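Student: What follows is the file upload_21.tsv, containing TSV, C-alpha atoms and all ligand atoms:
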```tsv
chain	number	residue	atom	x	y	z
H	3	MET	CA	-10.03	1.96	17.34
H	4	SER	CA	-9.66	-0.50	14.54
H	5	SER	CA	-6.10	-1.55	13.98
H	6	THR	CA	-7.40	-4.90	12.74
H	7	PHE	CA	-8.09	-5.76	9.10
H	8	GLY	CA	-9.68	-8.86	7.56
H	9	ARG	CA	-12.19	-11.50	8.56
H	10	LEU	CA	-10.58	-14.95	8.41
H	11	PHE	CA	-7.07	-13.93	7.35
H	12	ARG	CA	-6.65	-11.08	9.80
H	13	ILE	CA	-3.88	-8.65	10.69
H	14	THR	CA	-3.61	-6.42	13.74
H	15	THR	CA	-0.90	-3.77	13.57
H	16	PHE	CA	0.67	-1.86	16.47
H	17	GLY	CA	3.31	0.75	17.20
H	18	GLU	CA	3.96	4.49	16.84
H	19	SER	CA	6.40	5.75	14.22
H	20	HIS	CA	8.88	7.05	16.81
H	21	GLY	CA	8.14	4.51	19.53
H	22	PRO	CA	10.53	1.69	20.40
H	23	ALA	CA	9.05	-0.82	17.92
H	24	LEU	CA	6.14	-1.65	15.71
H	25	GLY	CA	4.68	-4.87	14.45
H	26	VAL	CA	1.83	-7.05	13.33
H	27	ILE	CA	-0.05	-10.12	14.47
H	28	VAL	CA	-1.33	-12.27	11.63
H	29	ASP	CA	-4.18	-14.47	12.79
H	30	GLY	CA	-5.86	-17.07	10.58
H	31	CYS	CA	-2.92	-17.96	8.36
H	32	PRO	CA	-3.37	-21.64	7.48
H	33	PRO	CA	-0.90	-24.10	9.04
H	34	ARG	CA	1.99	-25.88	7.29
H	35	LEU	CA	2.74	-23.00	4.92
H	36	PRO	CA	6.50	-22.97	4.22
H	37	LEU	CA	7.66	-19.52	5.35
H	38	THR	CA	10.97	-17.83	6.10
H	39	ALA	CA	11.97	-14.27	6.92
H	40	ALA	CA	13.35	-14.00	3.37
H	41	ASP	CA	9.81	-14.42	1.97
H	42	ILE	CA	8.83	-11.23	3.78
H	43	GLN	CA	12.03	-9.18	3.94
H	44	GLY	CA	12.12	-8.67	0.16
H	45	GLN	CA	8.84	-6.75	0.22
H	46	LEU	CA	9.87	-4.86	3.37
H	47	ASN	CA	13.04	-3.74	1.59
H	48	ARG	CA	10.98	-2.40	-1.31
H	49	ARG	CA	8.89	-0.37	1.17
H	50	ARG	CA	11.71	0.88	3.36
H	51	PRO	CA	12.77	4.51	3.42
H	52	GLY	CA	16.27	5.46	2.34
H	53	GLN	CA	16.08	3.80	-1.11
H	54	GLY	CA	18.09	6.09	-3.36
H	55	THR	CA	17.28	9.69	-4.19
H	56	LEU	CA	13.50	9.62	-4.65
H	57	THR	CA	12.44	8.74	-1.10
H	58	THR	CA	13.03	10.08	2.39
H	59	ASP	CA	16.57	9.44	3.64
H	60	ARG	CA	15.35	8.26	7.03
H	61	ASP	CA	17.55	5.17	7.22
H	62	GLU	CA	15.57	2.26	8.63
H	63	LYS	CA	16.96	-1.20	7.83
H	64	ASP	CA	13.56	-2.59	8.77
H	65	GLU	CA	14.79	-6.05	9.68
H	66	LEU	CA	12.05	-8.40	10.70
H	67	GLU	CA	11.92	-10.42	13.93
H	68	PHE	CA	9.50	-13.36	14.21
H	69	LEU	CA	8.07	-13.76	17.70
H	70	SER	CA	5.59	-16.61	17.20
H	71	GLY	CA	3.58	-18.81	14.86
H	72	LEU	CA	6.44	-20.46	13.03
H	73	GLU	CA	8.65	-23.49	13.63
H	74	ASN	CA	11.19	-25.19	11.38
H	75	GLY	CA	10.15	-23.02	8.43
H	76	LEU	CA	6.44	-23.89	8.65
H	77	THR	CA	3.49	-21.90	9.96
H	78	LEU	CA	1.82	-23.53	12.96
H	79	GLY	CA	-1.67	-22.11	12.43
H	80	SER	CA	-1.27	-20.01	15.57
H	81	PRO	CA	-0.93	-16.19	15.51
H	82	ILE	CA	2.23	-15.10	13.71
H	83	ALA	CA	3.74	-12.08	15.47
H	84	MET	CA	6.39	-10.01	13.71
H	85	MET	CA	8.17	-6.95	14.95
H	86	VAL	CA	10.72	-4.34	13.92
H	87	ARG	CA	12.60	-2.00	16.23
H	88	ASN	CA	12.65	1.67	15.23
H	89	LYS	CA	16.24	2.80	14.97
H	90	ASP	CA	16.53	6.04	13.06
H	91	GLN	CA	14.02	8.27	14.84
H	92	ARG	CA	14.82	11.95	15.19
H	93	PRO	CA	12.21	13.51	17.47
H	94	ARG	CA	14.14	16.81	17.32
H	95	ASP	CA	12.89	17.24	13.73
H	96	TYR	CA	9.43	17.70	15.20
H	97	ALA	CA	10.40	19.94	18.14
H	98	GLY	CA	8.87	23.40	17.86
H	99	THR	CA	6.21	22.29	15.39
H	100	ARG	CA	4.09	20.29	17.84
H	101	ASP	CA	1.86	23.31	18.39
H	102	ILE	CA	1.24	23.68	14.68
H	103	PRO	CA	-0.99	21.12	12.97
H	104	ARG	CA	0.67	20.28	9.64
H	105	PRO	CA	-1.67	21.33	6.82
H	106	SER	CA	-3.29	18.27	5.22
H	107	HIS	CA	-1.60	15.88	7.67
H	108	ALA	CA	-3.37	14.08	10.53
H	109	ASP	CA	-2.28	16.30	13.47
H	110	PHE	CA	-5.49	18.36	13.69
H	111	THR	CA	-7.88	15.44	13.31
H	112	THR	CA	-5.91	13.22	15.71
H	113	MET	CA	-6.10	15.94	18.37
H	114	ALA	CA	-9.81	16.51	17.65
H	115	LYS	CA	-10.44	12.80	18.16
H	116	PHE	CA	-8.13	11.81	21.02
H	117	GLY	CA	-7.06	15.10	22.65
H	118	ILE	CA	-3.50	13.74	22.68
H	119	GLN	CA	-1.04	12.59	20.09
H	120	ALA	CA	2.32	10.84	19.88
H	121	GLY	CA	5.04	13.39	20.61
H	122	SER	CA	6.66	13.16	17.20
H	123	GLY	CA	6.61	11.52	13.83
H	124	GLY	CA	2.87	11.24	13.16
H	125	GLY	CA	2.26	8.28	15.51
H	126	ARG	CA	-0.19	5.84	13.95
H	127	ALA	CA	-0.91	8.18	11.01
H	128	SER	CA	2.68	7.84	9.85
H	129	ALA	CA	3.44	5.61	6.90
H	130	ARG	CA	5.78	3.77	9.29
H	131	GLU	CA	2.68	1.70	10.21
H	132	THR	CA	2.62	0.31	6.68
H	133	TRP	CA	5.70	-1.82	7.56
H	134	ALA	CA	3.26	-4.02	9.46
H	135	ARG	CA	0.81	-4.33	6.57
H	136	VAL	CA	3.58	-5.22	4.16
H	137	ALA	CA	4.88	-7.90	6.55
H	138	GLY	CA	1.38	-9.40	6.95
H	139	GLY	CA	0.59	-9.00	3.26
H	140	ALA	CA	3.74	-10.87	2.25
H	141	ILE	CA	2.48	-13.92	4.14
H	142	ALA	CA	-0.93	-13.66	2.45
H	143	GLU	CA	0.84	-13.38	-0.87
H	144	LYS	CA	2.99	-16.46	-0.20
H	145	TRP	CA	-0.11	-18.47	0.70
H	146	LEU	CA	-2.00	-17.31	-2.41
H	147	ALA	CA	0.94	-18.20	-4.63
H	148	ASP	CA	1.37	-21.62	-2.99
H	149	GLN	CA	-2.29	-22.60	-3.02
H	150	TYR	CA	-3.61	-20.97	-6.17
H	151	GLY	CA	-0.67	-19.67	-8.21
H	152	VAL	CA	-1.95	-16.11	-7.74
H	153	GLY	CA	0.60	-13.41	-8.65
H	154	ILE	CA	0.33	-9.74	-7.70
H	155	VAL	CA	2.32	-6.95	-9.36
H	156	ALA	CA	1.93	-3.20	-8.81
H	157	TRP	CA	3.79	-0.32	-10.47
H	158	VAL	CA	3.82	3.45	-10.72
H	159	GLU	CA	1.39	4.47	-13.44
H	160	SER	CA	1.86	8.23	-13.20
H	161	VAL	CA	3.62	10.92	-11.19
H	162	GLY	CA	2.11	14.40	-11.24
H	163	THR	CA	1.39	15.18	-14.90
H	164	GLU	CA	3.72	12.43	-16.24
H	165	GLY	CA	1.87	9.30	-17.38
H	166	PRO	CA	-0.04	7.07	-17.75
H	167	ALA	CA	2.50	4.30	-18.32
H	168	VAL	CA	2.01	1.82	-21.15
H	169	VAL	CA	2.19	-1.58	-19.45
H	170	ASP	CA	0.97	-5.06	-20.44
H	171	VAL	CA	-1.07	-6.23	-17.42
H	172	GLN	CA	-0.86	-9.87	-18.59
H	173	THR	CA	2.92	-10.07	-18.49
H	174	VAL	CA	4.40	-7.28	-16.34
H	175	THR	CA	6.84	-8.58	-13.67
H	176	ARG	CA	8.27	-7.18	-10.44
H	177	ALA	CA	11.73	-7.32	-12.02
H	178	GLN	CA	10.52	-4.95	-14.75
H	179	VAL	CA	8.93	-2.69	-12.12
H	180	ASP	CA	12.10	-2.60	-10.01
H	181	ALA	CA	14.32	-1.90	-13.01
H	182	THR	CA	13.80	1.82	-12.33
H	183	GLU	CA	14.01	3.61	-9.00
H	184	ILE	CA	10.58	5.19	-9.53
H	185	ARG	CA	9.14	1.67	-10.14
H	186	CYS	CA	7.60	2.34	-13.54
H	187	PRO	CA	8.18	-0.40	-16.13
H	188	ASP	CA	7.73	2.13	-18.96
H	189	GLN	CA	11.40	3.17	-19.01
H	190	ALA	CA	11.20	6.41	-21.02
H	191	LEU	CA	8.39	7.66	-18.85
H	192	ALA	CA	10.22	6.54	-15.69
H	193	ALA	CA	13.05	8.98	-16.38
H	194	ARG	CA	10.61	11.89	-16.74
H	195	MET	CA	8.81	10.86	-13.55
H	196	SER	CA	12.10	10.80	-11.61
H	197	ASP	CA	12.97	14.28	-12.90
H	198	LEU	CA	9.61	15.54	-11.68
H	199	VAL	CA	10.20	14.12	-8.19
H	200	GLN	CA	13.73	15.58	-8.07
H	201	ALA	CA	12.41	18.97	-9.13
H	202	ALA	CA	9.78	18.89	-6.38
H	203	ARG	CA	12.40	17.87	-3.83
H	204	ALA	CA	14.69	20.70	-4.94
H	205	ASP	CA	11.80	23.14	-4.43
H	206	GLN	CA	11.17	21.66	-0.96
H	207	ASP	CA	7.81	20.56	-2.31
H	208	SER	CA	6.07	17.27	-3.12
H	209	VAL	CA	4.12	15.51	-5.92
H	210	GLY	CA	1.42	12.85	-6.11
H	211	GLY	CA	0.89	9.89	-8.39
H	212	VAL	CA	-1.06	6.76	-9.27
H	213	VAL	CA	-0.18	3.13	-8.54
H	214	THR	CA	-1.75	0.39	-10.67
H	215	CYS	CA	-1.94	-3.21	-9.46
H	216	VAL	CA	-2.79	-6.44	-11.27
H	217	CYS	CA	-3.68	-9.71	-9.53
H	218	ARG	CA	-3.42	-12.69	-11.91
H	219	GLY	CA	-4.39	-16.34	-11.59
H	220	LEU	CA	-7.51	-16.01	-9.41
H	221	PRO	CA	-10.24	-18.53	-10.09
H	222	ALA	CA	-13.78	-17.28	-10.74
H	223	GLY	CA	-15.88	-17.18	-7.56
H	224	TRP	CA	-14.00	-15.17	-4.92
H	225	GLY	CA	-15.85	-12.24	-3.33
H	226	GLU	CA	-19.31	-11.93	-1.86
H	227	PRO	CA	-22.36	-10.64	-3.71
H	228	VAL	CA	-23.59	-7.83	-1.45
H	229	PHE	CA	-21.55	-5.90	1.14
H	230	ASP	CA	-18.30	-7.81	0.83
H	231	LYS	CA	-17.98	-7.37	-2.90
H	232	MET	CA	-14.37	-7.91	-4.00
H	233	GLU	CA	-14.13	-4.34	-5.29
H	234	ALA	CA	-15.67	-2.93	-2.09
H	235	LEU	CA	-13.10	-4.71	0.08
H	236	LEU	CA	-10.26	-3.75	-2.25
H	237	ALA	CA	-11.40	-0.11	-2.21
H	238	GLY	CA	-11.55	-0.07	1.59
H	239	ALA	CA	-8.15	-1.74	1.81
H	240	MET	CA	-6.51	0.69	-0.60
H	241	LEU	CA	-8.11	3.79	0.87
H	242	SER	CA	-6.81	2.76	4.31
H	243	ILE	CA	-3.26	3.38	3.03
H	244	PRO	CA	-2.09	6.85	4.14
H	245	ALA	CA	-2.16	9.60	1.48
H	246	THR	CA	-4.68	7.84	-0.79
H	247	LYS	CA	-7.36	9.95	-2.46
H	248	GLY	CA	-8.93	7.71	-5.08
H	249	PHE	CA	-9.64	4.13	-6.18
H	250	GLU	CA	-10.66	2.70	-9.53
H	251	ILE	CA	-11.22	-0.84	-10.73
H	252	GLY	CA	-11.27	-1.87	-14.40
H	253	SER	CA	-12.46	0.97	-16.60
H	254	GLY	CA	-13.05	3.13	-13.50
H	255	PHE	CA	-14.15	6.69	-14.09
H	256	ALA	CA	-13.17	6.53	-17.77
H	257	GLY	CA	-15.89	3.90	-18.27
H	258	THR	CA	-18.52	6.56	-17.63
H	259	ARG	CA	-17.65	8.07	-21.00
H	260	MET	CA	-18.52	4.89	-22.91
H	261	ARG	CA	-21.75	3.30	-24.04
H	262	GLY	CA	-22.71	-0.17	-22.83
H	263	SER	CA	-22.06	-1.56	-26.29
H	264	GLU	CA	-18.45	-0.35	-26.10
H	265	HIS	CA	-17.96	-1.17	-22.43
H	266	ASN	CA	-19.30	-4.72	-22.17
H	267	ASP	CA	-16.77	-7.55	-21.91
H	268	MET	CA	-17.82	-10.26	-24.38
H	269	PHE	CA	-17.60	-13.83	-23.11
H	270	VAL	CA	-15.37	-16.25	-25.00
H	271	ALA	CA	-14.43	-19.89	-24.42
H	272	LYS	CA	-11.14	-19.96	-22.46
H	273	GLY	CA	-9.45	-23.13	-21.24
H	274	GLN	CA	-12.05	-25.33	-19.57
H	275	GLY	CA	-14.55	-22.52	-19.09
H	276	LEU	CA	-15.45	-18.96	-20.00
H	277	GLY	CA	-13.34	-15.85	-20.05
H	278	THR	CA	-13.82	-12.39	-21.47
H	279	GLU	CA	-12.36	-10.80	-24.57
H	280	THR	CA	-11.75	-7.45	-22.90
H	281	ASN	CA	-11.44	-6.67	-19.19
H	282	ARG	CA	-13.19	-3.38	-18.50
H	283	SER	CA	-14.80	-5.09	-15.49
H	284	GLY	CA	-11.34	-5.32	-13.93
H	285	GLY	CA	-11.76	-9.00	-13.05
H	286	THR	CA	-14.90	-8.66	-10.95
H	287	GLN	CA	-18.59	-8.76	-11.80
H	288	GLY	CA	-21.30	-8.58	-9.17
H	289	GLY	CA	-18.56	-8.41	-6.52
H	290	ILE	CA	-17.23	-11.86	-7.51
H	291	SER	CA	-14.02	-12.61	-9.40
H	292	ASN	CA	-14.62	-13.77	-12.97
H	293	GLY	CA	-11.22	-15.36	-13.52
H	294	GLU	CA	-9.74	-12.43	-15.46
H	295	PRO	CA	-6.92	-10.37	-13.93
H	296	VAL	CA	-8.08	-7.97	-11.21
H	297	VAL	CA	-6.81	-4.54	-12.23
H	298	LEU	CA	-7.07	-1.58	-9.87
H	299	ARG	CA	-5.62	1.91	-9.53
H	300	VAL	CA	-4.93	3.97	-6.42
H	301	ALA	CA	-4.41	7.75	-6.36
H	302	PHE	CA	-1.86	9.16	-3.90
H	303	LYS	CA	-1.79	12.86	-3.04
H	304	PRO	CA	1.39	14.93	-2.82
H	305	PRO	CA	2.65	14.26	0.73
H	306	ALA	CA	1.71	16.97	3.20
H	307	THR	CA	5.02	17.64	4.96
H	308	ILE	CA	7.07	20.03	2.84
H	309	GLY	CA	10.01	22.28	3.62
H	310	LYS	CA	8.53	25.20	1.71
H	311	PRO	CA	7.16	27.85	4.11
H	312	GLN	CA	3.39	27.55	4.61
H	313	GLU	CA	1.22	30.30	6.08
H	314	THR	CA	-1.11	28.61	8.54
H	315	VAL	CA	-2.26	28.85	12.17
H	316	ASP	CA	-1.20	27.00	15.31
H	317	PHE	CA	-3.58	25.03	17.53
H	318	SER	CA	-4.59	28.24	19.33
H	319	GLY	CA	-5.53	29.90	16.02
H	320	SER	CA	-2.57	32.34	15.88
H	321	ALA	CA	-1.07	32.97	12.48
H	322	THR	CA	2.31	31.33	11.95
H	323	THR	CA	4.66	30.14	9.24
H	324	LEU	CA	5.45	26.44	9.14
H	325	GLU	CA	8.69	25.27	7.57
H	326	ALA	CA	8.81	21.54	8.18
H	327	ARG	CA	12.17	20.08	9.05
H	328	GLY	CA	13.08	16.47	8.87
H	329	ARG	CA	13.26	13.80	6.25
H	330	HIS	CA	10.15	13.36	4.18
H	331	ASP	CA	9.14	11.65	0.97
H	332	PRO	CA	8.80	14.14	-1.91
H	333	CYS	CA	6.55	11.53	-3.58
H	334	VAL	CA	5.19	8.39	-1.94
H	335	VAL	CA	4.35	6.22	-4.96
H	336	PRO	CA	7.63	4.26	-5.37
H	337	ARG	CA	7.35	3.12	-1.75
H	338	ALA	CA	3.58	2.63	-2.02
H	339	VAL	CA	3.97	-0.13	-4.66
H	340	PRO	CA	4.60	-2.99	-2.15
H	341	ILE	CA	1.98	-1.53	0.20
H	342	VAL	CA	-0.69	-1.74	-2.51
H	343	GLU	CA	0.44	-5.32	-3.29
H	344	ALA	CA	0.21	-6.20	0.41
H	345	MET	CA	-3.32	-4.83	0.82
H	346	ALA	CA	-4.47	-6.64	-2.35
H	347	ALA	CA	-2.99	-9.91	-1.04
H	348	LEU	CA	-4.70	-9.51	2.34
H	349	VAL	CA	-8.11	-8.99	0.69
H	350	LEU	CA	-7.67	-11.91	-1.71
H	351	ALA	CA	-6.40	-14.35	0.95
H	352	ASP	CA	-9.40	-13.45	3.09
H	353	LEU	CA	-11.85	-13.96	0.22
H	354	ALA	CA	-10.19	-17.24	-0.75
H	355	LEU	CA	-10.60	-18.56	2.81
H	356	ILE	CA	-14.21	-17.34	2.92
H	357	GLN	CA	-14.90	-19.16	-0.36
H	358	LYS	CA	-13.33	-22.34	1.09
H	359	THR	CA	-15.90	-22.26	3.90
H	360	ARG	CA	-18.79	-22.62	1.42
B	1	LIG	C1	4.93	5.19	1.66
B	1	LIG	C2	4.37	6.45	2.24
B	1	LIG	C3	5.24	7.42	2.69
B	1	LIG	C4	4.76	8.62	3.23
B	1	LIG	N1	5.66	9.57	3.61
B	1	LIG	C5	5.20	10.77	4.03
B	1	LIG	C6	6.11	11.82	4.36
B	1	LIG	O1	7.33	11.67	4.28
B	1	LIG	N2	5.57	12.99	4.78
B	1	LIG	C7	4.22	13.20	4.88
B	1	LIG	O2	3.78	14.27	5.25
B	1	LIG	N3	3.35	12.24	4.58
B	1	LIG	C8	3.80	11.03	4.16
B	1	LIG	N4	2.90	10.04	3.86
B	1	LIG	C9	1.47	10.32	3.97
B	1	LIG	C10	0.96	10.53	5.38
B	1	LIG	O3	1.19	9.41	6.21
B	1	LIG	C11	-0.53	10.88	5.32
B	1	LIG	O4	-0.75	11.85	4.37
B	1	LIG	C12	-1.06	11.39	6.64
B	1	LIG	O5	-1.09	10.34	7.57
B	1	LIG	C13	-2.48	11.96	6.54
B	1	LIG	O6	-3.36	10.99	6.08
B	1	LIG	P1	-4.20	11.16	4.72
B	1	LIG	O7	-3.29	11.80	3.72
B	1	LIG	O8	-4.53	9.75	4.32
B	1	LIG	O9	-5.38	11.99	5.03
B	1	LIG	C14	3.36	8.84	3.33
B	1	LIG	C15	2.48	7.84	2.87
B	1	LIG	C16	2.97	6.65	2.33
B	1	LIG	C17	2.01	5.63	1.83
```
Any chance you could give the structure as structure tokens?

Tutor:
Amino acid sequence: MSSTFGRLFRITTFGESHGPALGVIVDGCPPRLPLTAADIQGQLNRRRPGQGTLTTDRDEKDELEFLSGLENGLTLGSPIAMMVRNKDQRPRDYAGTRDIPRPSHADFTTMAKFGIQAGSGGGRASARETWARVAGGAIAEKWLADQYGVGIVAWVESVGTEGPAVVDVQTVTRAQVDATEIRCPDQALAARMSDLVQAARADQDSVGGVVTCVCRGLPAGWGEPVFDKMEALLAGAMLSIPATKGFEIGSGFAGTRMRGSEHNDMFVAKGQGLGTETNRSGGTQGGISNGEPVVLRVAFKPPATIGKPQETVDFSGSATTLEARGRHDPCVVPRAVPIVEAMAALVLADLALIQKTR
């Protein structure tokens, strides 16, 4: 029943998508960190539904309420509880389809596991839960920036068959990412990606995509050498985001097509120490950060709930046609960008604290 993530910097999330509220408890955030709602709300706004024409038009303002852990703009070192009330639920969109498990959604497996599920909206499987991760992740990110100057930027690398984007991982900024609604800093490609999403929406269908994330400014030495390798924790974190189907770090699967002589990252003198000339390792070697940017990619499937009629069966096995109603994302990647950043921040803050204990 794990709704808890992290070891020292730990979040516990709660709430169903169509329940009264959802939220997060952040435990282990160091004390005396300057923190305001504005530090968090910016990322929540980037995640929220109802942003323009490429996302669901469920209209949640997603305004954050602090319940504990903060006084006079400083963290107290005690658990930080944050909550948001759900306002724009429409359970009627789910009426009549409760007997039909949505193909490739979590209805069938949730029933197989619990024998009961939230009446509407996907319950804990819904991406509504990711509000809580983004809220917790924004605090991790603030702490990493304050203590270490770490910066995290994610963007949409591809949508369907459009991509990959050409992006400089050393310099790309959130402002460049947010310059387009699809959140791809490669502007010409961004327009084609948006057209693809609009076409899928018009067909009552959906499309997938890839989000790339870079984490810059980490020192060498974060991450553990065996089970808690940095890439292992990042992979687990990313694959816990709903609709994810793949994870790569550095050269990823493409690296399998190279020889060692092409793939190896040569050491060079950099600043006071060593760096590498290339970064096919993706910033981690032996599970430990090497001081180069951590670069990872996450694959998101086309979201399952589509308006197009689907021939399937209901829970009793009788043939039926499902035409999903309601407001759904035709493509999740623009909203997934801050979620990927949040999960990266949570992993890195945890590893930084673990390293501090040595
Ligand atoms: C930002 C975001 C928005 C999502 N929106 C939808 C949606 O509108 N409709 C849908 O069917 N799935 C959506 N999903 C994906 C589902 O939550 C997910 O596919 C479902 O819980 C099943 O889990 P799985 O795909 O990881 O196996 C979204 C995911 C993310 C990250």

Student: For chain H versus ligand LIG 1 (chain B), which residues have an atom no more than 6 Å away, and what is each residue's nearest atom pair and distance in Å rounded to one decimal, using all atoms listed in the file, chain-then-number order, as JSON lines?

Tutor:
```
{"residue": "H:His107", "atom": "CA", "partner": "B:LIG1", "partner_atom": "C13", "distance": 4.2}
{"residue": "H:Ala108", "atom": "CA", "partner": "B:LIG1", "partner_atom": "C13", "distance": 4.6}
{"residue": "H:Ala127", "atom": "CA", "partner": "B:LIG1", "partner_atom": "O5", "distance": 4.1}
{"residue": "H:Ser128", "atom": "CA", "partner": "B:LIG1", "partner_atom": "O3", "distance": 4.2}
{"residue": "H:Ala129", "atom": "CA", "partner": "B:LIG1", "partner_atom": "O3", "distance": 4.5}
{"residue": "H:Ile243", "atom": "CA", "partner": "B:LIG1", "partner_atom": "C17", "distance": 5.9}
{"residue": "H:Pro244", "atom": "CA", "partner": "B:LIG1", "partner_atom": "O8", "distance": 3.8}
{"residue": "H:Ala245", "atom": "CA", "partner": "B:LIG1", "partner_atom": "O7", "distance": 3.3}
{"residue": "H:Thr246", "atom": "CA", "partner": "B:LIG1", "partner_atom": "O8", "distance": 5.5}
{"residue": "H:Pro305", "atom": "CA", "partner": "B:LIG1", "partner_atom": "N3", "distance": 4.4}
{"residue": "H:Ala306", "atom": "CA", "partner": "B:LIG1", "partner_atom": "O2", "distance": 4.0}
{"residue": "H:Thr307", "atom": "CA", "partner": "B:LIG1", "partner_atom": "O2", "distance": 3.6}
{"residue": "H:His330", "atom": "CA", "partner": "B:LIG1", "partner_atom": "O1", "distance": 3.3}
{"residue": "H:Asp331", "atom": "CA", "partner": "B:LIG1", "partner_atom": "O1", "distance": 3.8}
{"residue": "H:Val334", "atom": "CA", "partner": "B:LIG1", "partner_atom": "C2", "distance": 4.7}
{"residue": "H:Arg337", "atom": "CA", "partner": "B:LIG1", "partner_atom": "C1", "distance": 4.7}
{"residue": "H:Ala338", "atom": "CA", "partner": "B:LIG1", "partner_atom": "C1", "distance": 4.7}
```

Student: When distances are computed from all atoms listed in the file, which of H:Val270, H:Ala140, H:Ala120, H:Ala114 shows the smallest separation from H:Glu18?

Tutor: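 Using all atoms listed in the file, H:Glu18 sits closest to H:Ala120.
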
Student: Just want the 12 Å neighbourhood of H:Ala201, counted on all atoms listed in the file, with same-chain residues fewer than 5 positions away dropped. Output as a short mmCIF file (atom, residue, chain, number, x, y, z; two decimals) with C-alpha atoms, in the frame of the given file.

Tutor:
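Output file result00.cif follows:
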```cif
data_model
loop_
_atom_site.label_atom_id
_atom_site.label_comp_id
_atom_site.auth_asym_id
_atom_site.auth_seq_id
_atom_site.Cartn_x
_atom_site.Cartn_y
_atom_site.Cartn_z
CA THR H 55 17.28 9.69 -4.19
CA LEU H 56 13.50 9.62 -4.65
CA GLY H 162 2.11 14.40 -11.24
CA ARG H 194 10.61 11.89 -16.74
CA MET H 195 8.81 10.86 -13.55
CA SER H 196 12.10 10.80 -11.61
CA GLN H 206 11.17 21.66 -0.96
CA ASP H 207 7.81 20.56 -2.31
CA SER H 208 6.07 17.27 -3.12
CA VAL H 209 4.12 15.51 -5.92
CA PRO H 332 8.80 14.14 -1.91
CA CYS H 333 6.55 11.53 -3.58
#
```

Student: Take the point (-3.5, 26.4, 7.2) as written in the file and pick out every residue within 8 Å of it, counting all atoms listed in the file; give the list as JSON, numbers by chain.

Tutor: {"H": [104, 105, 312, 313, 314, 315]}

Student: To one decimal in Å, tell me the separation between atom CA of H:Met232 and atom CA of H:Tyr150.

Tutor: 17.1 Å

Student: List every protein, DNA or RNA residue that has an atom no more than 10 Å from (6.5, 28.1, 6.6) in the file's coordinate frame, counting all atoms listed in the file, and report them as a list in words.

Tutor: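 Residues lying no farther than 10 Å from the given point: Ile308, Gly309, Lys310, Pro311, Gln312, Glu313, Thr314, Thr322, Thr323, Leu324, Glu325 and Ala326 of chain H.
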
Student: In Å, rounded to a single decimal, give me how far atom CA of H:Gln287 is from atom CA of H:Val228.

Tutor: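 Taking atom CA of H:Val228 as the start and atom CA of H:Gln287 as the end point, the length is 11.5 Å.
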
Student: Between H:Pro33, H:Val169, H:Leu353, H:Leu146, which one has atoms that come closest to H:Gly79, using only C-alpha atoms?

Tutor: H:Pro33

Student: Counting all atoms listed in the file, what is within 10 Å of H:Val174, bar same-chain residues fewer than 4 positions away, as a VMD selection string?

Tutor: chain H and resid 154 to 157 169 to 170 178 to 179 187 216

Student: Would you put the residues from that selection into a file with C-alpha atoms, as an mmCIF file, in the frame of the given file?

Tutor:
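New file result_24.cif:
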```
data_model
loop_
_atom_site.group_PDB
_atom_site.id
_atom_site.type_symbol
_atom_site.label_atom_id
_atom_site.label_comp_id
_atom_site.auth_asym_id
_atom_site.auth_seq_id
_atom_site.Cartn_x
_atom_site.Cartn_y
_atom_site.Cartn_z
ATOM 1 C CA ILE H 154 0.330 -9.740 -7.700
ATOM 2 C CA VAL H 155 2.320 -6.950 -9.360
ATOM 3 C CA ALA H 156 1.930 -3.200 -8.810
ATOM 4 C CA TRP H 157 3.790 -0.320 -10.470
ATOM 5 C CA VAL H 169 2.190 -1.580 -19.450
ATOM 6 C CA ASP H 170 0.970 -5.060 -20.440
ATOM 7 C CA GLN H 178 10.520 -4.950 -14.750
ATOM 8 C CA VAL H 179 8.930 -2.690 -12.120
ATOM 9 C CA PRO H 187 8.180 -0.400 -16.130
ATOM 10 C CA VAL H 216 -2.790 -6.440 -11.270
#
```

Student: So which one's closest to H:Asp197, H:Trp145, H:Pro227, H:Lys303, H:Val161? Using all atoms listed in the file, please.

Tutor: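 Checking each of H:Trp145, H:Pro227, H:Lys303, H:Val161 against H:Asp197, counting all atoms listed in the file, the winner is H:Val161.
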
Student: Counting all atoms listed in the file, which residue out of H:Leu355, H:Arg87, H:Val349, H:Pro51 sits closest to H:Lys231?

Tutor: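 Nearest to H:Lys231: H:Val349.
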
Student: Would you mind listing what lies within 6 Å of stretch 64-70 of chain H as a ChimeraX atom specification, with all atoms listed in the file counted and same-chain residues fewer than 6 positions away left out?

Tutor: /H:82-86

Student: Between H:Arg203, H:Met345, H:Glu159, H:Glu131, single out the one closest to H:Cys186, counting all atoms listed in the file.

Tutor: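 Smallest separation from H:Cys186 among the options: H:Glu159.
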
Student: Would you list the contacts of H:Asn266 as a ChimeraX atom specification, taking every protein, DNA or RNA residue within 12 Å and counting only C-alpha atoms, but skipping same-chain residues closer than 4 positions in sequence?

Tutor: /H:252-253,257,260-262,278-284,287

Student: Can you tell me how far atom CA of H:Thr112 sits from atom CA of H:Gly17, in Å to one decimal?

Tutor: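 Atom CA of H:Gly17 lies at a distance of 15.6 Å from atom CA of H:Thr112.
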
Student: So, with all atoms listed in the file as the atoms that count, which of H:Ala142, H:Met113, H:Ala344, H:Ala134 lies closest to H:Leu24?

Tutor: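 Under the stated criterion, the closest residue is H:Ala134.
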
Student: Using only C-alpha atoms, determine which residues lie at most 12 Å from H:Gly277, disregarding the query and same-chain residues fewer than 6 positions distant; provide the list as number ranges by chain.

Tutor: H: 221-222, 267-271, 283, 285-286, 291-295
